[in-house]
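Engineer: Right, I'll just put the structure down here and ask away after.
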Amino acid sequence: MSTISSDTKPVAELPQRALVDALRNIRFLLRRDDRARLIYARPELSALKQQDLPDHLRISVKKRIGPRVPIRGSRDSPFPRMVLARWPKDRLAENALPSLACVIHGAGDLRVGDYVLHCQSGDFIFYEPGLATADGSYSHFEDDAAGRQCSLLWVFPGRINGEGLECYICDSHGNTHSAGVRLWCRNHLLAELFRGIQEQGPKAQRQESTFHLLCAMLHLLQCEIHEGHASPAPYFSPFEKFPEAVHDPIQQARAYVTKHLNGDLTIAKVSRYVCLSPSVFTRKFKHQTGQTFNEYCTSLRLKQAALLLTQTDTKIVEVSRMVGLTDCQFRQLARRHWRCSPREYRRAHN
């Protein structure tokens with residue numbers, strides 16, 4: 001039986017140093033090979049095999065037992081869900097965000113739906129949203145794990161409006177699995193480079209472009225962390241328990257609002273997104289949430305702004321932009337709801 005380690009490891013104590021060292025080693029492997037061993041995971045094995053895979057990569061079939069259990073997020077959470085569903089018997093999770101994994105050292109077995117990728121050090125795996133992957137509750141070894149070790153670097157978009165990137169390292173030692181602290185780098189260029197890698201896809205004629213995008217992203221990520229521009233992701237709970245849920249249009253609307261909180265949110269736009277008329281949407285939204293649509297958006301924006309003010313050093317004008325408000329609107333809402341200015345709120349809660 002695999003276990004989650006509760007021991008304090010150097011990765012957890014010194015995440016910046018561990019990540020900088022890992023990124024430096026990965027970049028060395030890329031320069032040595034002069035190409036990226038990048039595998040784009042696909043829902044079906046047949047689609048996976050259509051790309052140019054590394055010669056050493058071994059793939060085995062492992063069918064899911066099921067069932068798929070949908071997940072809902074917390075009503076009060078200002079962040080989009082990372083997990084959409086779980087397969088408890090298979091220890092798999094369906095993730096809402098794309099992610100990139102790299103085997104730093106050792107050899108790992110990475111589960112994707114109904115197959116397993118048996119990877120080596122230097123392999124990259126890109127996961128699109130919606131893929132069923134290992135849920136982190138056990139080590140990355142499918143066969144006999146005795147004496148085996150493996151470390152992986154994980155990179156994915158920031159959960160606050162897709163701002164920057166988050167990254168962490170996980171270690172597998174035998175049947176024990178541990179995850180380090182997640183660091184968040186808010187440089188918008190990181191997110192653009194990540195999206196570039198995602199959009200390139202596994203096309204043979206674009207391998208050189210993908211290689212340069214990957215090198216640039218890893219180099220910038222290393223610099224950001226080394227120069228102290230990374231902070232622990234303030235909302236991460238490594239083993240959060242999620243209740244089950246049944247999806248409906250209002251839940252979809254709330255998820256849309258959370259994801260697009262920095263944009264222009266209107267009843268007409270969101271009701272169209274969930275395929276309801278504005279009048280029906282307005283009535284259902286008030287009945288289910290107890291708030292009007294505008295009240296809900298304002299509440300969510302202020303919750304996220306409060307989090308950014310108290311747990312990051314982001315400038316106030318940037319905080320207002322990240323929650324979809326002008327600087328003047330943010331200050332007016334802060335006075336109305338908090339009875340103080342954003343600066344006074346930050347000072348009082350720090």
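A note on labels: chains of the structure tokens are A, B, ... as shown, every chain counts residues from 1, and ligands are counted from 1 in their shown order.
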Segment 69-217 of chain A: which residues are strand (DSSP E or B) by DSSP, as a ChimeraX atom specification?

Structural biologist: /A:69-71,83-87,92-95,99-106,108-112,115-119,124-127,132-134,149-157,165-173,176-179,183-185

Engineer: Would you put the residues from that selection into a file with C-alpha atoms, as a tab-separated table (two decimals), in the first residue's frame?

Structural biologist:
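This is the output file result10.tsv:
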chain	number	residue	atom	x	y	z
A	69	VAL	CA	-17.15	10.53	-9.53
A	70	PRO	CA	-17.80	14.22	-10.41
A	71	ILE	CA	-16.45	16.84	-8.02
A	83	VAL	CA	-10.09	18.58	-10.12
A	84	LEU	CA	-13.30	17.94	-12.08
A	85	ALA	CA	-13.74	14.26	-11.24
A	86	ARG	CA	-12.06	11.29	-9.59
A	87	TRP	CA	-11.81	7.56	-10.14
A	92	LEU	CA	-6.98	8.89	-10.86
A	93	ALA	CA	-8.18	12.50	-11.15
A	94	GLU	CA	-9.56	14.49	-14.08
A	95	ASN	CA	-7.84	17.86	-13.97
A	99	SER	CA	0.06	20.64	-16.90
A	100	LEU	CA	3.60	19.74	-17.84
A	101	ALA	CA	5.62	17.08	-16.03
A	102	CYS	CA	9.32	16.34	-16.35
A	103	VAL	CA	11.18	13.37	-14.90
A	104	ILE	CA	14.09	14.99	-13.09
A	105	HIS	CA	15.86	11.78	-12.12
A	106	GLY	CA	15.08	8.10	-11.92
A	108	GLY	CA	8.70	6.82	-13.38
A	109	ASP	CA	5.46	5.20	-14.51
A	110	LEU	CA	2.92	7.89	-15.36
A	111	ARG	CA	-0.70	6.80	-15.68
A	112	VAL	CA	-2.95	8.43	-18.28
A	115	TYR	CA	-2.47	3.32	-20.32
A	116	VAL	CA	0.85	3.91	-18.54
A	117	LEU	CA	3.90	5.78	-19.85
A	118	HIS	CA	7.14	4.27	-18.54
A	119	CYS	CA	9.41	7.32	-18.64
A	124	PHE	CA	8.50	15.69	-20.63
A	125	ILE	CA	4.79	14.89	-20.65
A	126	PHE	CA	2.19	17.51	-21.54
A	127	TYR	CA	-1.31	16.87	-20.19
A	132	ALA	CA	-7.43	11.20	-16.15
A	133	THR	CA	-4.04	11.15	-14.44
A	134	ALA	CA	-2.57	9.94	-11.14
A	149	GLN	CA	13.31	6.37	-6.74
A	150	CYS	CA	11.87	9.04	-8.98
A	151	SER	CA	11.46	12.83	-8.86
A	152	LEU	CA	9.16	14.87	-11.08
A	153	LEU	CA	8.80	18.58	-11.73
A	154	TRP	CA	5.21	19.75	-12.33
A	155	VAL	CA	4.33	23.05	-14.03
A	156	PHE	CA	0.84	24.42	-14.69
A	157	PRO	CA	-0.98	27.76	-15.09
A	165	LEU	CA	2.83	29.58	-13.60
A	166	GLU	CA	2.91	27.35	-10.56
A	167	CYS	CA	5.42	24.58	-10.04
A	168	TYR	CA	6.45	21.98	-7.49
A	169	ILE	CA	8.49	18.79	-7.15
A	170	CYS	CA	7.17	15.41	-6.07
A	171	ASP	CA	9.32	12.47	-4.97
A	172	SER	CA	8.60	8.75	-5.06
A	173	HIS	CA	10.73	6.44	-2.90
A	176	THR	CA	6.14	6.46	-0.44
A	177	HIS	CA	5.15	9.62	-2.26
A	178	SER	CA	5.71	13.22	-1.10
A	179	ALA	CA	5.00	16.60	-2.70
A	183	LEU	CA	5.50	28.10	-5.83
A	184	TRP	CA	3.69	30.70	-7.88
A	185	CYS	CA	5.56	32.94	-10.35

Engineer: Can you pull out the residues contacting Asp114 of chain A? Cut-off 8 Å, using only C-alpha atoms, and skip same-chain residues under 3 positions away; I want them as a list in words.

Structural biologist: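 Within the cut-off, the hits are Glu44, Leu45, Val61, Lys62, Lys63, Arg64 and Arg111 of chain A.
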
Engineer: Show me, as number ranges by chain, the residues that have an atom within 7 Å of segment 284-296 of chain A when counting only C-alpha atoms, minus same-chain residues fewer than 4 positions from it.

Structural biologist: A: 250, 280, 300

Engineer: Check segment 63-270 of chain A with DSSP on the backbone and list each residue it calls alpha helix (DSSP H), as a ChimeraX atom specification.

Structural biologist: /A:188-200,207-226,249-259,267-270

Engineer: As a list in words, please: the residues near Gln311 of chain A (cut-off 12 Å, only C-alpha atoms, same-chain neighbours under 6 positions excluded).

Structural biologist: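 Those residues are Trp184, Ser231, Pro232, Ala233, Pro234, Tyr235, Gln304, Ala305, Val319, Arg346, Arg347, His349 and Asn350 of chain A.
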
Engineer: Calculate how many Å separate atom CA of Ala146 of chain A from atom CA of Leu23 of chain A, rounding to one decimal.

Structural biologist: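 Taking atom CA of Ala146 of chain A as the start and atom CA of Leu23 of chain A as the end point, the length is 27.3 Å.
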
Engineer: Which residues are close to Val317 of chain A, i.e. within 9 Å by only C-alpha atoms, leaving aside same-chain residues fewer than 4 positions away? Reply as a PDB file with C-alpha atoms, in the first residue's frame.

Structural biologist:
ATOM      1  CA  ARG A 321      -6.792  44.772 -12.553  1.00  0.00           C
ATOM      2  CA  MET A 322      -6.546  41.082 -11.614  1.00  0.00           C
ATOM      3  CA  THR A 326     -10.542  49.846 -12.246  1.00  0.00           C
ATOM      4  CA  ASP A 327      -8.491  51.366  -9.472  1.00  0.00           C
ATOM      5  CA  PHE A 330     -11.847  48.952  -6.317  1.00  0.00           C
TER       6      PHE A 330
END

Engineer: Please list as a list in words every residue within 12 Å of Gln50 of chain A, counting only C-alpha atoms and excluding residues in the same chain fewer than 5 positions away.

Structural biologist: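 The contact residues come out as Ile39, Tyr40, Ala41, Arg42, Glu44, Leu45, Gly201, Pro202, Lys203 and Ala204 of chain A.
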
Engineer: Would you save the residues from that selection as a CSV table (one decimal), in the first residue's frame, using C-alpha atoms?

Structural biologist:
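New file result.csv:
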chain,number,residue,atom,x,y,z
A,39,ILE,CA,5.2,13.6,-25.2
A,40,TYR,CA,1.7,15.0,-25.6
A,41,ALA,CA,-0.6,12.7,-23.6
A,42,ARG,CA,-3.8,11.9,-25.3
A,44,GLU,CA,-6.7,7.4,-26.4
A,45,LEU,CA,-3.7,5.2,-26.9
A,201,GLY,CA,1.1,20.2,-30.2
A,202,PRO,CA,3.0,17.1,-31.3
A,203,LYS,CA,3.5,18.2,-34.9
A,204,ALA,CA,6.8,17.0,-36.3
